[in-house]
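What follows is the content of final-v9.cif (mmCIF, C-alpha atoms).
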data_structure
loop_
_atom_site.label_atom_id
_atom_site.label_comp_id
_atom_site.auth_asym_id
_atom_site.auth_seq_id
_atom_site.Cartn_x
_atom_site.Cartn_y
_atom_site.Cartn_z
CA MET A 1 18.42 154.91 -56.87
CA SER A 2 21.66 156.57 -58.09
CA SER A 3 23.81 154.69 -60.56
CA ALA A 4 27.08 153.18 -59.36
CA VAL A 5 28.72 154.18 -62.65
CA GLU A 6 27.46 156.76 -65.14
CA ILE A 7 29.07 156.88 -68.58
CA GLN A 8 27.94 160.09 -70.23
CA ASP A 9 28.57 160.46 -73.98
CA VAL A 10 32.21 159.33 -73.65
CA SER A 11 34.60 159.47 -76.61
CA LYS A 12 38.32 158.76 -76.54
CA ARG A 13 40.79 159.71 -79.29
CA PHE A 14 44.39 158.59 -79.73
CA HIS A 15 47.05 159.85 -82.12
CA LEU A 16 48.72 157.22 -84.30
CA TYR A 17 52.04 158.76 -85.36
CA LEU A 18 53.17 158.00 -88.89
CA GLU A 19 56.81 159.05 -88.44
CA LYS A 20 59.29 158.84 -85.59
CA TYR A 21 61.93 161.55 -85.25
CA SER A 22 64.63 160.50 -82.80
CA SER A 23 67.41 163.02 -83.38
CA LEU A 24 67.46 166.60 -82.06
CA LYS A 25 67.98 167.93 -85.60
CA GLU A 26 64.86 166.18 -86.93
CA ARG A 27 62.79 167.46 -84.02
CA LEU A 28 63.99 171.05 -84.54
CA LEU A 29 63.29 170.88 -88.27
CA HIS A 30 59.73 169.68 -87.70
CA LEU A 31 59.19 171.84 -84.59
CA GLY A 32 57.18 169.08 -82.94
CA HIS A 33 54.77 168.75 -85.87
CA ILE A 34 54.89 164.99 -86.31
CA PRO A 35 52.30 163.65 -88.79
CA TYR A 36 49.67 161.42 -87.24
CA GLU A 37 46.28 159.87 -87.82
CA GLU A 38 43.38 160.13 -85.41
CA PHE A 39 42.05 156.90 -83.97
CA TRP A 40 38.77 156.97 -82.03
CA ALA A 41 38.80 154.07 -79.56
CA LEU A 42 35.40 155.14 -78.16
CA ARG A 43 32.62 157.15 -79.77
CA ASN A 44 29.68 158.66 -77.88
CA VAL A 45 29.26 155.85 -75.35
CA SER A 46 26.53 156.28 -72.74
CA ALA A 47 25.35 153.79 -70.11
CA GLU A 48 24.24 153.64 -66.48
CA ILE A 49 25.29 150.72 -64.29
CA ARG A 50 23.12 149.92 -61.31
CA PRO A 51 24.64 149.47 -57.82
CA GLY A 52 25.17 145.81 -56.95
CA SER A 53 24.94 144.61 -60.55
CA THR A 54 27.51 142.57 -62.46
CA VAL A 55 28.02 143.90 -65.99
CA GLY A 56 30.11 142.28 -68.70
CA ILE A 57 31.78 143.94 -71.69
CA LEU A 58 32.03 141.98 -74.96
CA GLY A 59 33.48 142.85 -78.32
CA PRO A 60 36.15 141.83 -80.83
CA ASN A 61 39.76 142.88 -80.37
CA GLY A 62 40.22 146.64 -80.77
CA SER A 63 36.55 147.46 -80.15
CA GLY A 64 37.24 149.73 -77.14
CA LYS A 65 36.51 147.40 -74.19
CA SER A 66 39.72 147.97 -72.24
CA THR A 67 39.79 151.67 -73.11
CA LEU A 68 36.36 152.09 -71.50
CA LEU A 69 37.47 150.20 -68.41
CA LYS A 70 40.53 152.47 -68.08
CA CYS A 71 38.30 155.54 -68.40
CA ILE A 72 36.09 154.21 -65.59
CA ALA A 73 39.19 153.51 -63.48
CA GLY A 74 40.51 157.04 -64.07
CA ILE A 75 43.66 155.79 -65.78
CA LEU A 76 42.59 157.51 -69.02
CA GLN A 77 40.65 160.75 -69.36
CA PRO A 78 37.94 160.87 -72.05
CA THR A 79 38.48 163.23 -74.97
CA SER A 80 34.86 164.27 -74.49
CA GLY A 81 32.08 163.29 -72.13
CA GLN A 82 32.58 162.14 -68.55
CA VAL A 83 32.48 159.11 -66.29
CA VAL A 84 31.01 159.38 -62.79
CA VAL A 85 31.85 156.61 -60.31
CA ARG A 86 30.31 156.51 -56.86
CA GLY A 87 32.40 154.69 -54.26
CA LYS A 88 35.87 153.18 -53.99
CA VAL A 89 37.18 151.55 -57.18
CA ALA A 90 39.55 148.57 -57.47
CA ALA A 91 40.89 147.99 -60.98
CA MET A 92 42.36 144.62 -61.93
CA LEU A 93 43.63 145.52 -65.37
CA GLU A 94 47.28 144.51 -65.71
CA LEU A 95 48.13 142.59 -62.57
CA GLY A 96 51.66 143.17 -61.37
CA ALA A 97 52.27 146.02 -63.85
CA GLY A 98 53.29 148.37 -61.02
CA PHE A 99 55.66 145.94 -59.28
CA SER A 100 59.35 146.74 -58.87
CA ALA A 101 61.41 143.68 -59.85
CA ASP A 102 64.23 144.52 -57.42
CA LEU A 103 61.94 144.81 -54.38
CA SER A 104 60.63 141.87 -52.39
CA GLY A 105 57.04 140.70 -52.51
CA ARG A 106 56.52 142.26 -49.07
CA ASP A 107 57.76 145.67 -50.23
CA ASN A 108 55.69 145.46 -53.41
CA ILE A 109 52.53 144.83 -51.40
CA PHE A 110 53.03 148.14 -49.57
CA LEU A 111 54.11 149.95 -52.76
CA ASN A 112 51.26 148.64 -54.91
CA GLY A 113 48.69 148.99 -52.15
CA SER A 114 49.60 152.65 -51.66
CA LEU A 115 49.32 153.25 -55.43
CA LEU A 116 45.80 151.80 -55.22
CA GLY A 117 44.91 154.28 -52.49
CA MET A 118 45.30 152.20 -49.31
CA SER A 119 47.01 153.63 -46.23
CA ARG A 120 50.03 151.90 -44.71
CA ARG A 121 47.96 150.99 -41.63
CA GLU A 122 45.26 149.44 -43.82
CA ILE A 123 47.84 147.44 -45.81
CA SER A 124 49.46 146.19 -42.57
CA ARG A 125 46.07 145.06 -41.30
CA ARG A 126 45.39 143.10 -44.50
CA PHE A 127 48.96 141.92 -45.12
CA LYS A 128 48.50 138.35 -43.85
CA GLU A 129 45.27 137.90 -45.80
CA ILE A 130 46.96 139.14 -49.00
CA VAL A 131 49.90 136.76 -48.65
CA GLU A 132 47.72 133.76 -47.79
CA PHE A 133 45.38 134.32 -50.71
CA ALA A 134 48.36 134.62 -53.07
CA GLU A 135 49.87 131.45 -51.51
CA LEU A 136 53.30 133.12 -51.25
CA GLU A 137 54.07 132.60 -47.58
CA HIS A 138 57.48 131.04 -48.35
CA PHE A 139 58.45 133.54 -51.06
CA ILE A 140 57.15 136.88 -49.78
CA ASP A 141 60.62 138.19 -48.84
CA ASN A 142 62.23 137.15 -52.15
CA GLN A 143 62.76 139.69 -54.92
CA VAL A 144 59.87 139.77 -57.39
CA LYS A 145 62.27 139.31 -60.33
CA TYR A 146 62.62 135.70 -59.20
CA TYR A 147 58.84 135.12 -59.18
CA SER A 148 57.13 133.16 -61.93
CA SER A 149 54.47 134.92 -63.99
CA GLY A 150 51.82 132.93 -62.11
CA MET A 151 53.13 134.12 -58.73
CA ILE A 152 53.06 137.75 -59.91
CA VAL A 153 49.46 137.41 -61.14
CA ARG A 154 48.37 135.83 -57.85
CA LEU A 155 49.99 138.60 -55.82
CA GLY A 156 48.54 141.36 -58.01
CA PHE A 157 45.03 139.90 -57.80
CA SER A 158 45.30 139.44 -54.05
CA ILE A 159 46.34 143.07 -53.49
CA ALA A 160 43.56 144.42 -55.73
CA VAL A 161 40.72 142.48 -54.10
CA SER A 162 41.96 143.31 -50.61
CA MET A 163 40.90 146.95 -51.15
CA ASP A 164 37.30 146.08 -50.21
CA PRO A 165 35.99 148.14 -53.17
CA ASP A 166 32.50 149.37 -53.98
CA VAL A 167 33.18 148.98 -57.70
CA LEU A 168 35.43 146.20 -59.01
CA LEU A 169 36.85 146.44 -62.54
CA VAL A 170 38.20 143.22 -64.07
CA ASP A 171 39.94 143.02 -67.46
CA GLU A 172 40.56 139.43 -68.63
CA VAL A 173 42.05 138.59 -65.22
CA LEU A 174 39.65 135.67 -64.75
CA SER A 175 41.13 133.91 -67.78
CA VAL A 176 44.80 133.96 -66.70
CA GLY A 177 46.74 131.62 -64.45
CA ASP A 178 46.06 127.94 -63.94
CA GLU A 179 42.57 126.45 -63.62
CA ARG A 180 42.77 126.32 -59.82
CA PHE A 181 43.61 130.03 -59.59
CA GLN A 182 40.84 130.94 -62.04
CA GLN A 183 38.36 129.10 -59.82
CA LYS A 184 39.70 130.95 -56.80
CA CYS A 185 39.22 134.27 -58.62
CA LEU A 186 35.64 133.37 -59.53
CA GLU A 187 34.86 132.42 -55.94
CA ARG A 188 36.12 135.80 -54.74
CA VAL A 189 34.04 137.57 -57.38
CA LYS A 190 30.96 135.63 -56.23
CA LEU A 191 31.60 136.80 -52.66
CA PHE A 192 31.65 140.39 -53.93
CA GLN A 193 28.33 139.73 -55.71
CA GLU A 194 26.80 138.37 -52.50
CA ASP A 195 27.99 141.52 -50.68
CA GLY A 196 26.20 143.71 -53.23
CA ARG A 197 29.33 145.16 -54.88
CA THR A 198 29.21 146.50 -58.43
CA ILE A 199 31.39 144.48 -60.81
CA ILE A 200 32.36 145.30 -64.40
CA VAL A 201 34.11 142.49 -66.29
CA VAL A 202 35.83 142.43 -69.68
CA SER A 203 36.19 138.95 -71.13
CA HIS A 204 36.24 137.06 -74.44
CA SER A 205 34.43 134.15 -72.78
CA SER A 206 30.74 134.64 -73.52
CA ASP A 207 29.86 131.53 -71.49
CA MET A 208 31.55 132.94 -68.38
CA LEU A 209 29.80 136.30 -68.78
CA ARG A 210 26.46 134.57 -69.34
CA ALA A 211 26.91 132.72 -66.05
CA ILE A 212 27.90 135.65 -63.82
CA CYS A 213 26.47 138.84 -65.40
CA ASP A 214 23.13 140.60 -65.05
CA GLU A 215 23.69 142.65 -68.22
CA ILE A 216 26.32 142.90 -70.95
CA LEU A 217 27.65 145.84 -72.97
CA VAL A 218 28.55 144.91 -76.56
CA PHE A 219 31.08 147.04 -78.47
CA ASP A 220 32.05 147.22 -82.12
CA THR A 221 34.73 149.61 -83.43
CA GLY A 222 34.39 151.90 -80.43
CA ARG A 223 30.60 152.14 -80.45
CA LEU A 224 28.14 150.64 -78.00
CA VAL A 225 25.83 148.43 -80.08
CA ALA A 226 23.90 146.69 -77.28
CA PHE A 227 23.31 146.91 -73.53
CA ALA A 228 21.03 144.00 -72.71
CA PRO A 229 20.54 140.83 -70.64
CA PRO A 230 23.16 138.13 -71.35
CA GLY A 231 21.19 136.05 -73.86
CA GLU A 232 20.28 138.99 -76.10
CA ALA A 233 23.70 140.67 -75.80
CA ILE A 234 25.63 137.52 -76.69
CA ARG A 235 23.35 136.99 -79.69
CA VAL A 236 24.21 140.50 -80.95
CA PHE A 237 27.92 139.89 -80.31
CA LYS A 238 27.97 136.61 -82.22
CA GLU A 239 25.97 138.06 -85.10
CA GLY A 240 28.70 140.68 -85.38
CA LEU A 241 31.38 138.01 -85.51
CA LEU A 242 29.45 136.13 -88.19
CA ALA A 243 29.22 139.32 -90.23
CA LEU A 244 32.99 139.82 -89.91
CA ASP A 245 33.62 136.22 -90.96
CA SER A 246 31.32 136.60 -93.96
CA ALA A 247 33.07 139.80 -95.03
CA ALA A 248 36.51 138.21 -94.67
CA ALA A 249 35.56 134.94 -96.37
CA PRO A 250 32.16 135.16 -98.09
CA ASP A 251 32.28 131.53 -99.20
CA ALA A 252 33.38 130.12 -95.83
CA ALA A 253 29.94 128.77 -94.93
CA VAL A 254 29.16 127.39 -98.40
CA PRO A 255 28.86 123.59 -98.27
CA VAL A 256 31.86 121.87 -99.74
CA SER A 257 31.38 119.22 -102.37
CA ALA A 258 32.43 115.67 -101.75
CA ALA A 259 35.99 114.58 -102.32
CA PRO A 260 36.98 111.02 -103.18
CA ASP A 261 37.89 108.75 -100.30
CA SER A 262 41.64 109.04 -99.72
CA ALA A 263 41.98 105.25 -99.91
CA THR A 264 40.15 105.09 -103.27
CA PRO A 265 41.64 107.18 -106.07
CA ALA A 266 38.76 106.30 -108.42
CA ARG A 267 35.58 108.35 -108.64
CA PRO A 268 33.25 107.56 -105.69
CA GLN A 269 30.15 105.48 -106.33
CA VAL A 270 28.01 108.14 -104.60
CA GLU A 271 28.89 111.79 -105.13
CA ILE A 272 27.40 114.35 -102.70
CA THR A 273 26.52 117.27 -104.95
CA GLY A 274 24.88 119.69 -102.53
CA VAL A 275 23.85 120.26 -98.91
CA THR A 276 21.04 122.58 -97.79
CA VAL A 277 20.47 123.69 -94.20
CA ASP A 278 16.97 124.83 -93.27
CA HIS A 279 15.49 126.19 -90.03
CA PRO A 280 12.62 128.54 -89.07
CA GLY A 281 14.76 131.68 -89.23
CA ILE A 282 16.42 130.95 -92.57
CA GLY A 283 16.66 134.06 -94.73
CA GLU A 284 16.21 136.37 -91.71
CA ARG A 285 19.06 135.34 -89.43
CA PRO A 286 22.17 133.17 -89.85
CA TYR A 287 21.56 131.07 -86.74
CA LEU A 288 19.06 128.78 -85.01
CA ILE A 289 17.65 129.36 -81.58
CA THR A 290 18.03 126.50 -79.10
CA GLY A 291 15.06 124.13 -79.42
CA GLU A 292 14.16 125.03 -83.01
CA PRO A 293 13.88 122.32 -85.68
CA LEU A 294 16.72 121.75 -88.13
CA THR A 295 16.60 120.06 -91.53
CA ILE A 296 19.67 119.04 -93.55
CA ARG A 297 18.95 117.96 -97.13
CA VAL A 298 21.66 116.09 -98.99
CA ASP A 299 21.61 115.87 -102.80
CA TYR A 300 23.66 113.08 -104.32
CA LEU A 301 24.53 111.45 -107.62
CA VAL A 302 24.98 107.68 -107.88
CA THR A 303 27.62 106.96 -110.51
CA SER A 304 27.38 103.17 -110.30
CA ALA A 305 24.71 100.95 -108.70
CA VAL A 306 25.01 100.14 -105.00
CA ASP A 307 23.25 97.03 -103.67
CA SER A 308 23.21 98.13 -100.04
CA ALA A 309 23.93 101.68 -98.82
CA GLN A 310 23.58 103.66 -95.63
CA PHE A 311 23.84 107.43 -95.22
CA ALA A 312 25.60 108.64 -92.07
CA ILE A 313 25.64 112.04 -90.37
CA GLU A 314 27.98 113.36 -87.69
CA VAL A 315 27.68 116.65 -85.74
CA LEU A 316 30.88 118.07 -84.23
CA SER A 317 31.56 120.95 -81.86
CA ASP A 318 33.98 123.77 -82.66
CA ARG A 319 36.57 121.73 -80.75
CA HIS A 320 36.06 118.80 -83.14
CA GLN A 321 34.31 116.65 -80.55
CA THR A 322 31.62 114.32 -81.88
CA LEU A 323 28.32 115.35 -80.28
CA PHE A 324 26.05 113.08 -82.31
CA ALA A 325 26.46 110.43 -85.01
CA THR A 326 23.96 108.07 -86.60
CA LYS A 327 23.06 106.22 -89.79
CA SER A 328 20.02 106.62 -92.01
CA SER A 329 18.76 103.08 -91.32
CA GLY A 330 19.43 99.86 -89.46
CA ALA A 331 21.69 97.15 -90.81
CA ASP A 332 18.73 95.19 -92.17
CA GLU A 333 17.13 98.26 -93.79
CA ALA A 334 19.96 99.42 -96.05
CA MET A 335 18.93 101.02 -99.35
CA MET A 336 19.65 99.94 -102.90
CA LEU A 337 20.81 102.87 -105.01
CA ALA A 338 20.40 102.88 -108.77
CA PRO A 339 22.47 105.22 -110.95
CA GLY A 340 21.10 108.75 -111.05
CA ALA A 341 20.31 111.72 -108.81
CA GLY A 342 18.58 111.51 -105.43
CA SER A 343 18.34 113.15 -102.05
CA VAL A 344 18.13 112.25 -98.38
CA THR A 345 16.92 114.53 -95.59
CA PHE A 346 17.93 114.48 -91.92
CA CYS A 347 15.26 116.09 -89.72
CA PHE A 348 15.80 117.24 -86.13
CA ASP A 349 12.41 118.15 -84.65
CA SER A 350 14.00 120.12 -81.79
CA LEU A 351 17.72 120.85 -81.63
CA PRO A 352 18.86 120.83 -77.95
CA LEU A 353 22.26 122.44 -78.57
CA LEU A 354 23.30 125.66 -76.80
CA ASP A 355 25.65 128.38 -78.11
CA GLY A 356 28.19 127.43 -80.72
CA ARG A 357 29.15 126.85 -84.30
CA PHE A 358 28.77 123.22 -85.31
CA THR A 359 30.14 121.22 -88.23
CA VAL A 360 28.30 118.46 -90.08
CA ASN A 361 30.08 115.56 -91.78
CA LEU A 362 28.21 113.32 -94.22
CA GLY A 363 29.10 109.94 -95.61
CA VAL A 364 27.73 106.92 -97.49
CA ARG A 365 28.85 103.35 -96.76
CA ASP A 366 28.16 100.07 -98.47
CA ALA A 367 27.14 96.82 -96.77
CA GLY A 368 30.75 96.07 -95.88
CA GLY A 369 31.23 99.44 -94.18
CA VAL A 370 33.41 100.82 -96.98
CA VAL A 371 33.03 104.57 -97.59
CA ILE A 372 31.61 105.07 -101.09
CA GLY A 373 30.75 108.78 -100.73
CA LEU A 374 31.98 111.52 -98.42
CA ALA A 375 31.58 115.23 -97.66
CA GLU A 376 33.73 116.24 -94.72
CA PRO A 377 32.95 118.89 -93.71
CA ALA A 378 29.63 119.16 -95.51
CA CYS A 379 28.23 122.31 -93.91
CA GLU A 380 28.11 124.38 -90.73
CA PHE A 381 25.34 125.90 -88.65
CA GLU A 382 25.24 128.34 -85.75
CA VAL A 383 23.09 128.11 -82.61
CA MET A 384 22.21 131.04 -80.33
CA ASN A 385 21.02 130.38 -76.79
CA PRO A 386 18.52 132.99 -75.47
CA THR A 387 18.65 131.66 -71.89
CA ARG A 388 21.30 131.89 -69.16
CA ALA A 389 22.05 128.16 -69.28
CA THR A 390 25.64 127.25 -70.20
CA GLY A 391 27.24 124.12 -71.54
CA VAL A 392 26.67 122.19 -74.77
CA VAL A 393 23.11 120.85 -74.62
CA SER A 394 19.79 121.98 -73.18
CA LEU A 395 18.34 119.26 -70.95
CA PRO A 396 14.62 119.27 -70.03
CA MET A 397 14.33 119.74 -66.27
CA ARG A 398 11.71 120.17 -63.58
CA VAL A 399 12.66 121.51 -60.16
CA GLU A 400 10.68 120.57 -57.08
CA VAL A 401 11.35 122.40 -53.83
CA VAL A 402 9.97 121.44 -50.43
CA VAL A 403 8.93 124.72 -48.83
CA PRO A 404 8.83 124.71 -44.99
CA GLY A 405 5.24 124.93 -43.77
CA ALA A 406 3.78 124.23 -47.21
CA PRO A 407 1.49 121.21 -47.62
CA ARG A 408 3.12 120.04 -50.87
CA HIS A 409 5.96 120.57 -53.33
CA ALA A 410 6.36 123.93 -55.00
CA ASN A 411 7.27 123.66 -58.69
CA LEU A 412 9.60 126.31 -60.07
#
Can the structure from this file be put into structure tokens for me?
Amino acid sequence: MSSAVEIQDVSKRFHLYLEKYSSLKERLLHLGHIPYEEFWALRNVSAEIRPGSTVGILGPNGSGKSTLLKCIAGILQPTSGQVVVRGKVAAMLELGAGFSADLSGRDNIFLNGSLLGMSRREISRRFKEIVEFAELEHFIDNQVKYYSSGMIVRLGFSIAVSMDPDVLLVDEVLSVGDERFQQKCLERVKLFQEDGRTIIVVSHSSDMLRAICDEILVFDTGRLVAFAPPGEAIRVFKEGLLALDSAAAPDAAVPVSAAPDSATPARPQVEITGVTVDHPGIGERPYLITGEPLTIRVDYLVTSAVDSAQFAIEVLSDRHQTLFATKSSGADEAMMLAPGAGSVTFCFDSLPLLDGRFTVNLGVRDAGGVVIGLAEPACEFEVMNPTRATGVVSLPMRVEVVVPGAPRHANL
């Protein structure tokens, strides 16, 4: 089977000019020789995208994602290599970028549709559908300069998807507009998937790409570093981000030592001196895989005797939501701590968390609930999810399907 899109050793170079000569005299003196630096947005990228597949593109800002999409759309020409696209292409890159502010929405539909390659007859046939999808029935004859940004995005999206394309290119469009419009965009994309169209999506949302994509391209500084199923590709992408974070702030993930309770200026009775995170991949990879065990060891120093103490642990998401919190013992099983060094270990036999970076807070309270030791935050850990499940936690599940004509349930 022929590929829907073939990317053959594509490189794209831009010139970054170091000086700007605006006057005629300056231009004549330099005879057009303006100093510049070469910037390679893409380097030797090759990939084949199967017909009917949905492929995502991930990478940090400036990694070449949008440049590749523009090369596929034909907006940019590669410096070397070539892109072969089979079928009609609809590119949703900068919605509304080709609109004329002084023309009405109606006129812009015909103008923009013709720029996308549709005939006037075809636009007329789809005009009602375009307006209804954009929900602009009462504003379609108003000048676009009076439209809100949301109205312009809706109209641009509606025109682009009305082309009935074989290959649909989407650049961050699914993350703009209000939540209702985003859902409407996703529903239209799902219809294209059901029709067997080829879809290429650029997004910073790894969860969204995991849910809708068959494969994902991962870019870093213009180079293709992975082309794999969603779980593996997102793992590579996040490892790259962790490496960037470590390079920018090598001590960012080092556990912080305890600070005195803000309500108690004196030295805390229990000082948390160190936190160690352990999991099966420690030393080989900076993350856990969903379902692996996790151990958090807390070293502490008791500066003055505590008759009754409880250690507490709290796990928070990257949005500072508490996902789990518990104490080391029940109210009637509190520990007596004598002065000196000690340790306590929190063991998770199987961590059910999905993708994300999580923060751990640690504390020690006395019998009256007063904080006598605190490390907040104490440490962080990263979880990579190798499956296509999305969300926060992995829930055990069994699916039973009643198959017509079968004598019993079929377990999937």
Taking the file as I've supplied it (selection: the PyMOL selection byres ((chain A and resi 48-60) around 7)), which residues are included? Please answer as a PyMOL selection string. chain A and resi 3-7+47+61-63+65+193+196-204+209+213-220+237
Save the residues we just selected, C-alpha atoms, as a PDB file, in the coordinates of the input?
ATOM      1  CA  SER A   3      23.810 154.690 -60.560  1.00  0.00           C
ATOM      2  CA  ALA A   4      27.080 153.180 -59.360  1.00  0.00           C
ATOM      3  CA  VAL A   5      28.720 154.180 -62.650  1.00  0.00           C
ATOM      4  CA  GLU A   6      27.460 156.760 -65.140  1.00  0.00           C
ATOM      5  CA  ILE A   7      29.070 156.880 -68.580  1.00  0.00           C
ATOM      6  CA  ALA A  47      25.350 153.790 -70.110  1.00  0.00           C
ATOM      7  CA  ASN A  61      39.760 142.880 -80.370  1.00  0.00           C
ATOM      8  CA  GLY A  62      40.220 146.640 -80.770  1.00  0.00           C
ATOM      9  CA  SER A  63      36.550 147.460 -80.150  1.00  0.00           C
ATOM     10  CA  LYS A  65      36.510 147.400 -74.190  1.00  0.00           C
ATOM     11  CA  GLN A 193      28.330 139.730 -55.710  1.00  0.00           C
ATOM     12  CA  GLY A 196      26.200 143.710 -53.230  1.00  0.00           C
ATOM     13  CA  ARG A 197      29.330 145.160 -54.880  1.00  0.00           C
ATOM     14  CA  THR A 198      29.210 146.500 -58.430  1.00  0.00           C
ATOM     15  CA  ILE A 199      31.390 144.480 -60.810  1.00  0.00           C
ATOM     16  CA  ILE A 200      32.360 145.300 -64.400  1.00  0.00           C
ATOM     17  CA  VAL A 201      34.110 142.490 -66.290  1.00  0.00           C
ATOM     18  CA  VAL A 202      35.830 142.430 -69.680  1.00  0.00           C
ATOM     19  CA  SER A 203      36.190 138.950 -71.130  1.00  0.00           C
ATOM     20  CA  HIS A 204      36.240 137.060 -74.440  1.00  0.00           C
ATOM     21  CA  LEU A 209      29.800 136.300 -68.780  1.00  0.00           C
ATOM     22  CA  CYS A 213      26.470 138.840 -65.400  1.00  0.00           C
ATOM     23  CA  ASP A 214      23.130 140.600 -65.050  1.00  0.00           C
ATOM     24  CA  GLU A 215      23.690 142.650 -68.220  1.00  0.00           C
ATOM     25  CA  ILE A 216      26.320 142.900 -70.950  1.00  0.00           C
ATOM     26  CA  LEU A 217      27.650 145.840 -72.970  1.00  0.00           C
ATOM     27  CA  VAL A 218      28.550 144.910 -76.560  1.00  0.00           C
ATOM     28  CA  PHE A 219      31.080 147.040 -78.470  1.00  0.00           C
ATOM     29  CA  ASP A 220      32.050 147.220 -82.120  1.00  0.00           C
ATOM     30  CA  PHE A 237      27.920 139.890 -80.310  1.00  0.00           C
TER      31      PHE A 237
END
Name the residues, using the chain letters and numbers of the file, that sit within 9 Å of (21.3, 111.9, -98.9) when counting all atoms listed in the file, and give them as a VMD selection string. chain A and resid 272 275 297 to 300 311 to 312 328 342 to 346 362 to 364
To test your reading of the syntax: which residues would the PyMOL selection byres ((chain A and resi 155-168) around 6) return for the file shown? Reply as a PDB file with C-alpha atoms, in the frame of the given file.
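To be explicit, this is the file written out as part.pdb:
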ATOM      1  CA  GLY A  87      32.400 154.690 -54.260  1.00  0.00           C
ATOM      2  CA  LYS A  88      35.870 153.180 -53.990  1.00  0.00           C
ATOM      3  CA  VAL A  89      37.180 151.550 -57.180  1.00  0.00           C
ATOM      4  CA  ALA A  90      39.550 148.570 -57.470  1.00  0.00           C
ATOM      5  CA  LEU A  95      48.130 142.590 -62.570  1.00  0.00           C
ATOM      6  CA  GLY A  96      51.660 143.170 -61.370  1.00  0.00           C
ATOM      7  CA  ILE A 130      46.960 139.140 -49.000  1.00  0.00           C
ATOM      8  CA  ALA A 134      48.360 134.620 -53.070  1.00  0.00           C
ATOM      9  CA  ILE A 152      53.060 137.750 -59.910  1.00  0.00           C
ATOM     10  CA  VAL A 153      49.460 137.410 -61.140  1.00  0.00           C
ATOM     11  CA  ARG A 154      48.370 135.830 -57.850  1.00  0.00           C
ATOM     12  CA  LEU A 169      36.850 146.440 -62.540  1.00  0.00           C
ATOM     13  CA  ARG A 197      29.330 145.160 -54.880  1.00  0.00           C
ATOM     14  CA  THR A 198      29.210 146.500 -58.430  1.00  0.00           C
ATOM     15  CA  ILE A 199      31.390 144.480 -60.810  1.00  0.00           C
TER      16      ILE A 199
END
Atomic separation - atom CA of A:Glu172 relative to atom CA of A:Gln82, Å: 24.1 Å
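You can rank A:Ser114, A:Thr326, A:Ser308, A:Ser66 by their closest distance to A:Lys12 using all atoms listed in the file, and at the top of that list sits A:Ser66.
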Interatomic distance between atom CA of A:Leu288 and atom CA of A:Met384?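 According to the coordinates, atom CA of A:Leu288 and atom CA of A:Met384 are separated by 6.1 Å.
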Could you check the closest approach to A:Glu382 for each of A:Ser350, A:Thr290, A:Gln310, A:Gln321 and tell me which residue wins, using all atoms listed in the file? A:Thr290
Pick from A:Asp307, A:Glu376, A:Glu187, A:Asp102: nearest to A:Ala338, with all atoms listed in the file counted? A:Asp307
A:Pro35, A:Gly391, A:Gly356, A:Pro404 ranked by distance to A:Val315, top pick (using all atoms listed in the file):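 Using all atoms listed in the file, A:Val315 sits closest to A:Gly356.
Distance-wise, atom CA of A:Leu294 and atom CA of A:Glu380 end up 12.0 Å apart.
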Which polymer residues, whether protein, DNA or RNA, lie within 10 Å of the coordinate (22.8, 107.3, -107.3) when you count only C-alpha atoms? List them as a list in words, using the chain letters and numbers from the file.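 Residues satisfying the cut-off, written out: Gln269, Val270, Glu271, Ile272, Asp299, Tyr300, Leu301, Val302, Thr303, Ser304, Ala305, Val306, Met336, Leu337, Ala338, Pro339, Gly340, Ala341, Gly342 and Ser343 of chain A.
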Applying 12 Å and all atoms listed in the file, which residues near A:Pro293 remain after dropping the ones on its own chain fewer than 6 positions away? List them as a list in words.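 Surrounding residues, per the criterion: Val277, Asp278, His279, Pro280, Gly281, Ile282, Tyr287, Phe346, Cys347, Phe348, Asp349, Ser350, Leu351, Pro352, Leu353 and Val383 of chain A.
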Which one is closest to A:Gly64: A:Thr276, A:Phe110, A:Asn361, A:Thr221? Count all atoms listed in the file.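 Nearest candidate to A:Gly64 out of A:Thr276, A:Phe110, A:Asn361, A:Thr221: A:Thr221.
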Applying the PyMOL selection byres ((chain A and resi 69-72) around 8) to the file I just gave you, which residues come out? Please list them as a PDB file with C-alpha atoms, in the coordinates of the input.
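Dumped everything to out-v3.pdb:
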ATOM      1  CA  VAL A   5      28.720 154.180 -62.650  1.00  0.00           C
ATOM      2  CA  LYS A  65      36.510 147.400 -74.190  1.00  0.00           C
ATOM      3  CA  SER A  66      39.720 147.970 -72.240  1.00  0.00           C
ATOM      4  CA  THR A  67      39.790 151.670 -73.110  1.00  0.00           C
ATOM      5  CA  LEU A  68      36.360 152.090 -71.500  1.00  0.00           C
ATOM      6  CA  ALA A  73      39.190 153.510 -63.480  1.00  0.00           C
ATOM      7  CA  GLY A  74      40.510 157.040 -64.070  1.00  0.00           C
ATOM      8  CA  ILE A  75      43.660 155.790 -65.780  1.00  0.00           C
ATOM      9  CA  LEU A  76      42.590 157.510 -69.020  1.00  0.00           C
ATOM     10  CA  GLN A  77      40.650 160.750 -69.360  1.00  0.00           C
ATOM     11  CA  PRO A  78      37.940 160.870 -72.050  1.00  0.00           C
ATOM     12  CA  VAL A  83      32.480 159.110 -66.290  1.00  0.00           C
ATOM     13  CA  VAL A  84      31.010 159.380 -62.790  1.00  0.00           C
ATOM     14  CA  VAL A  85      31.850 156.610 -60.310  1.00  0.00           C
ATOM     15  CA  LEU A 169      36.850 146.440 -62.540  1.00  0.00           C
ATOM     16  CA  ASP A 171      39.940 143.020 -67.460  1.00  0.00           C
TER      17      ASP A 171
END
